[in-house]
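Here's the structure, in structure tokens; my notes come after.
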Number of protein chains: 2
Amino acid sequence: MDRVHEQLATAGFGDVRPAHGFVFQYLSFHKTATAVGIGEHLGITKQAAVQLIDELTKRGYVERRPHPTDRRARAISLTARGWECVERVVAAWADIEREWATLIGPDRLGKLHDDLATLTAATSGGRPVPLRPLW
Amino acid sequence: MDRVHEQLATAGFGDVRPAHGFVFQYLSFHKTATAVGIGEHLGITKQAAVQLIDELTKRGYVERRPHPTDRRARAISLTARGWECVERVVAAWADIEREWATLIGPDRLGKLHDDLATLTAATSGGRPVPLRPLW
DNA sequence: CCATATCGTCAAGAAAGTTGACTACCTTGT
DNA sequence: ACAAGGTAGTCAACTTTCTTGACGATATGG
């Protein structure tokens, strides 16, 4: 994680914190997200989620628009710059995984991934675990 | 980590946070520790380390005594209750590892451990990584 | 169409860390 | 021996990040 953010900083995305990454991840798969949904995904309150969204909006990674079907809500989505940042993260992770493959071999790396998936699925009962950058 | 602390709570150790665990770990291997040493181990300032020590002292897990060789310093060590808690943690981890072994097999679990050790050693340059419960 | 639930917001505050300055003590080189 | 600089702990002020609680506006379901 630290290495990804070092990479991002050199690519001009030095103003995103690790916690923001989890918002990005959620927005990559939910085109019209809400603050409540993001909060649940991260395991934080909606107020804290709004604060993250505010920061990302101010920095141009995210935008709020009227929600298409719910006039209480605001539809949150990535801007062009947000998507650029996501692409950078994907590329950085790919680099890191390639390096891992050279260290322990692609076969072992694949098994490592599968085993970790098995263990986390078992301890969380199969449901998705709220991701938090904090214990 | 969450499961260990659930186990601890049912065993009467409900007043320790995850961050405290890293202090316990350090004290298990350093009989006369100092606040600065603990701070370096966790990657936090000495002031923050002192605060953790204060909490653990108030709750009876840790005690401060005059340092044997340095009159500026205070020697920090686990009390009997502190050691009881450590034993509980060790037992809880052993339970969890046994469960992991049944899930993916002892052989794969051993390789998982070795591979993770290889990867972390490579990315940290071999030096110990300061442990933090926070990104 | 009314009761209840949900989305976002405002405000206050708690948790856990940081920075900076200070005293007391240690250590090292001359 | 001792001056000079480094280190351990402490005090105080502050920052960051998250929480709790209350609220208006809108949605939804019997």
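Residue numbering restarts at 1 in every chain; chains get A, B, ... in the order shown in the structure tokens, and ligands count up from 1 in that same order.
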I'd like the contact shell of range 59-67 of chain B - 8 Å cut-off, only C-alpha atoms (C1' of nucleotides), skipping same-chain residues fewer than 5 positions apart - returned as a list in words.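 Returned residues: Asp15, Thr32, Ile53, Arg72, Ala73, Arg74, Ala75, Ile76, Ser77, Leu78, Thr79, Ala80, Arg81, Gly82 and Trp83 of chain B.
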Residue subset to file, keeping C-alpha atoms, as a PDB file, in the first residue's frame:
```
ATOM      1  CA  ASP B  15     -10.049  -3.399  28.213  1.00  0.00           C
ATOM      2  CA  THR B  32      13.335  -3.717  30.620  1.00  0.00           C
ATOM      3  CA  ILE B  53       1.869   2.793  28.602  1.00  0.00           C
ATOM      4  CA  ARG B  72      16.597   9.339  33.097  1.00  0.00           C
ATOM      5  CA  ALA B  73      14.664   6.313  31.924  1.00  0.00           C
ATOM      6  CA  ARG B  74      11.915   4.185  33.449  1.00  0.00           C
ATOM      7  CA  ALA B  75      12.004   0.425  32.988  1.00  0.00           C
ATOM      8  CA  ILE B  76       8.665  -0.825  31.698  1.00  0.00           C
ATOM      9  CA  SER B  77       7.676  -4.454  32.118  1.00  0.00           C
ATOM     10  CA  LEU B  78       4.635  -6.705  32.120  1.00  0.00           C
ATOM     11  CA  THR B  79       2.884  -7.468  35.410  1.00  0.00           C
ATOM     12  CA  ALA B  80       1.537 -10.918  36.293  1.00  0.00           C
ATOM     13  CA  ARG B  81      -1.783  -9.871  34.775  1.00  0.00           C
ATOM     14  CA  GLY B  82       0.039  -8.678  31.703  1.00  0.00           C
ATOM     15  CA  TRP B  83       1.639 -12.083  31.247  1.00  0.00           C
TER      16      TRP B  83
END
```
Counting only C-alpha atoms, which residues of chain A come no farther than 10 Å from chain B, as a PyMOL selection string? chain A and resi 1-3+17-19+96+99-101+103-105+108-109+111-116+118-120+122-123+132-135
Counting only C-alpha atoms (C1' of nucleotides), collect the residues of chain A whose closest atom lies at most 10 Å from chain C, and write them out as a ChimeraX atom specification. /A:34-36,46-47,50,70-74
Write out, as an mmCIF file, in the first residue's frame, the residues just selected, with N, CA and C atoms.
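As a result, result_13.cif now contains:
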```cif
data_model
loop_
_atom_site.group_PDB
_atom_site.id
_atom_site.type_symbol
_atom_site.label_atom_id
_atom_site.label_comp_id
_atom_site.auth_asym_id
_atom_site.auth_seq_id
_atom_site.Cartn_x
_atom_site.Cartn_y
_atom_site.Cartn_z
ATOM 1 N N THR A 34 -23.841 6.361 -3.424
ATOM 2 C CA THR A 34 -24.300 7.331 -2.437
ATOM 3 C C THR A 34 -23.346 7.331 -1.259
ATOM 4 N N ALA A 35 -23.432 8.381 -0.450
ATOM 5 C CA ALA A 35 -22.552 8.495 0.711
ATOM 6 C C ALA A 35 -22.797 7.336 1.677
ATOM 7 N N VAL A 36 -24.042 6.962 1.842
ATOM 8 C CA VAL A 36 -24.344 5.865 2.755
ATOM 9 C C VAL A 36 -23.713 4.570 2.271
ATOM 10 N N LYS A 46 -21.879 7.491 7.791
ATOM 11 C CA LYS A 46 -22.116 8.259 6.577
ATOM 12 C C LYS A 46 -21.475 9.644 6.673
ATOM 13 N N GLN A 47 -21.422 10.205 7.894
ATOM 14 C CA GLN A 47 -20.801 11.523 8.057
ATOM 15 C C GLN A 47 -19.324 11.483 7.689
ATOM 16 N N VAL A 50 -19.022 11.213 3.956
ATOM 17 C CA VAL A 50 -19.222 12.502 3.292
ATOM 18 C C VAL A 50 -17.947 13.329 3.338
ATOM 19 N N ASP A 70 -33.649 9.315 -6.836
ATOM 20 C CA ASP A 70 -33.927 9.628 -5.430
ATOM 21 C C ASP A 70 -33.521 11.067 -5.155
ATOM 22 N N ARG A 71 -34.519 11.919 -4.917
ATOM 23 C CA ARG A 71 -34.206 13.342 -4.780
ATOM 24 C C ARG A 71 -33.585 13.701 -3.433
ATOM 25 N N ARG A 72 -33.587 12.758 -2.491
ATOM 26 C CA ARG A 72 -32.847 13.007 -1.247
ATOM 27 C C ARG A 72 -31.352 12.851 -1.490
ATOM 28 N N ALA A 73 -31.023 11.889 -2.344
ATOM 29 C CA ALA A 73 -29.634 11.445 -2.475
ATOM 30 C C ALA A 73 -28.873 12.266 -3.504
ATOM 31 N N ARG A 74 -27.552 12.112 -3.485
ATOM 32 C CA ARG A 74 -26.688 12.708 -4.497
ATOM 33 C C ARG A 74 -25.864 11.580 -5.101
#
```
Would you mind listing, as a PDB file with N, CA and C atoms (P, O5', C5', C4', C3', O3' and C1' of nucleotides), in the first residue's frame, all residues of chain D that have at least one atom within 10 Å of chain A, where only C-alpha atoms (C1' of nucleotides) are what counts?
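Final output, result13.pdb:
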```pdb
ATOM      1  P    DT D  17      -6.524  12.984   8.012  1.00  0.00           P
ATOM      2  O5'  DT D  17      -7.644  12.118   8.741  1.00  0.00           O
ATOM      3  C5'  DT D  17      -7.235  11.061   9.586  1.00  0.00           C
ATOM      4  C4'  DT D  17      -8.417  10.574  10.392  1.00  0.00           C
ATOM      5  C3'  DT D  17      -9.698  10.355   9.563  1.00  0.00           C
ATOM      6  O3'  DT D  17     -10.092   9.024   9.753  1.00  0.00           O
ATOM      7  C1'  DT D  17     -10.166  11.478  11.567  1.00  0.00           C
ATOM      8  P    DC D  18     -11.220   8.363   8.827  1.00  0.00           P
ATOM      9  O5'  DC D  18     -12.386   8.076   9.889  1.00  0.00           O
ATOM     10  C5'  DC D  18     -12.115   7.226  10.995  1.00  0.00           C
ATOM     11  C4'  DC D  18     -13.021   7.587  12.165  1.00  0.00           C
ATOM     12  C3'  DC D  18     -14.522   7.467  11.898  1.00  0.00           C
ATOM     13  O3'  DC D  18     -15.041   6.284  12.501  1.00  0.00           O
ATOM     14  C1'  DC D  18     -13.969   9.404  13.171  1.00  0.00           C
ATOM     15  P    DT D  19     -16.674   6.042  12.476  1.00  0.00           P
ATOM     16  O5'  DT D  19     -17.186   6.729  13.815  1.00  0.00           O
ATOM     17  C5'  DT D  19     -16.581   6.422  15.067  1.00  0.00           C
ATOM     18  C4'  DT D  19     -17.335   7.148  16.187  1.00  0.00           C
ATOM     19  C3'  DT D  19     -18.838   6.933  16.112  1.00  0.00           C
ATOM     20  O3'  DT D  19     -19.306   6.346  17.308  1.00  0.00           O
ATOM     21  C1'  DT D  19     -18.322   9.272  16.232  1.00  0.00           C
ATOM     22  P    DA D  25     -37.349  21.255   5.093  1.00  0.00           P
ATOM     23  O5'  DA D  25     -36.989  20.011   4.162  1.00  0.00           O
ATOM     24  C5'  DA D  25     -35.799  20.061   3.374  1.00  0.00           C
ATOM     25  C4'  DA D  25     -35.698  18.804   2.544  1.00  0.00           C
ATOM     26  C3'  DA D  25     -36.943  18.500   1.704  1.00  0.00           C
ATOM     27  O3'  DA D  25     -36.533  18.110   0.407  1.00  0.00           O
ATOM     28  C1'  DA D  25     -36.410  16.641   3.054  1.00  0.00           C
ATOM     29  P    DT D  26     -37.582  17.999  -0.776  1.00  0.00           P
ATOM     30  O5'  DT D  26     -37.699  16.410  -0.933  1.00  0.00           O
ATOM     31  C5'  DT D  26     -36.553  15.690  -1.347  1.00  0.00           C
ATOM     32  C4'  DT D  26     -36.726  14.238  -1.005  1.00  0.00           C
ATOM     33  C3'  DT D  26     -37.832  13.517  -1.780  1.00  0.00           C
ATOM     34  O3'  DT D  26     -37.189  12.577  -2.620  1.00  0.00           O
ATOM     35  C1'  DT D  26     -37.751  12.857   0.484  1.00  0.00           C
ATOM     36  P    DA D  27     -37.947  11.733  -3.688  1.00  0.00           P
ATOM     37  O5'  DA D  27     -38.186  10.327  -2.948  1.00  0.00           O
ATOM     38  C5'  DA D  27     -37.078   9.468  -2.764  1.00  0.00           C
ATOM     39  C4'  DA D  27     -37.474   8.299  -1.889  1.00  0.00           C
ATOM     40  C3'  DA D  27     -38.490   7.336  -2.503  1.00  0.00           C
ATOM     41  O3'  DA D  27     -37.900   6.058  -2.485  1.00  0.00           O
ATOM     42  C1'  DA D  27     -39.094   7.920  -0.288  1.00  0.00           C
TER      43       DA D  27
END
```
Can you tell me how far CA of Thr10 in chain B sits from CA of Gly39 in chain B, in Å to one decimal?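 Computing it gives 29.0 Å between the two atoms.
The space between CA of Val86 in chain A and CA of Arg98 in chain A spans 18.4 Å.
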Enumerate the residues of chain A with a DSSP assignment of alpha helix (DSSP H), computed from the backbone, and present them as a PyMOL selection string. chain A and resi 2-10+18-29+35-42+46-58+80-104+106-123
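What separates CA of His20 in chain B from CA of Leu56 in chain B is a distance of 7.7 Å.
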Can you tell me, as a PDB file with C-alpha atoms, in the first residue's frame, which residues in chain A count as strand (DSSP E or B) by DSSP?
```
ATOM      1  CA  ALA A  33     -22.957   5.619  -5.558  1.00  0.00           C
ATOM      2  CA  VAL A  62     -15.072  12.889  -7.770  1.00  0.00           C
ATOM      3  CA  GLU A  63     -18.235  14.773  -8.569  1.00  0.00           C
ATOM      4  CA  ARG A  64     -21.729  14.996  -7.092  1.00  0.00           C
ATOM      5  CA  ARG A  65     -24.769  15.162  -9.295  1.00  0.00           C
ATOM      6  CA  PRO A  66     -28.471  14.931  -8.595  1.00  0.00           C
ATOM      7  CA  ARG A  74     -26.688  12.708  -4.497  1.00  0.00           C
ATOM      8  CA  ALA A  75     -25.103  10.489  -7.129  1.00  0.00           C
ATOM      9  CA  ILE A  76     -21.341  10.312  -6.633  1.00  0.00           C
ATOM     10  CA  SER A  77     -19.057   9.268  -9.466  1.00  0.00           C
ATOM     11  CA  LEU A  78     -15.435   9.473 -10.566  1.00  0.00           C
ATOM     12  CA  LEU A 134      -7.860   1.565  10.759  1.00  0.00           C
TER      13      LEU A 134
END
```
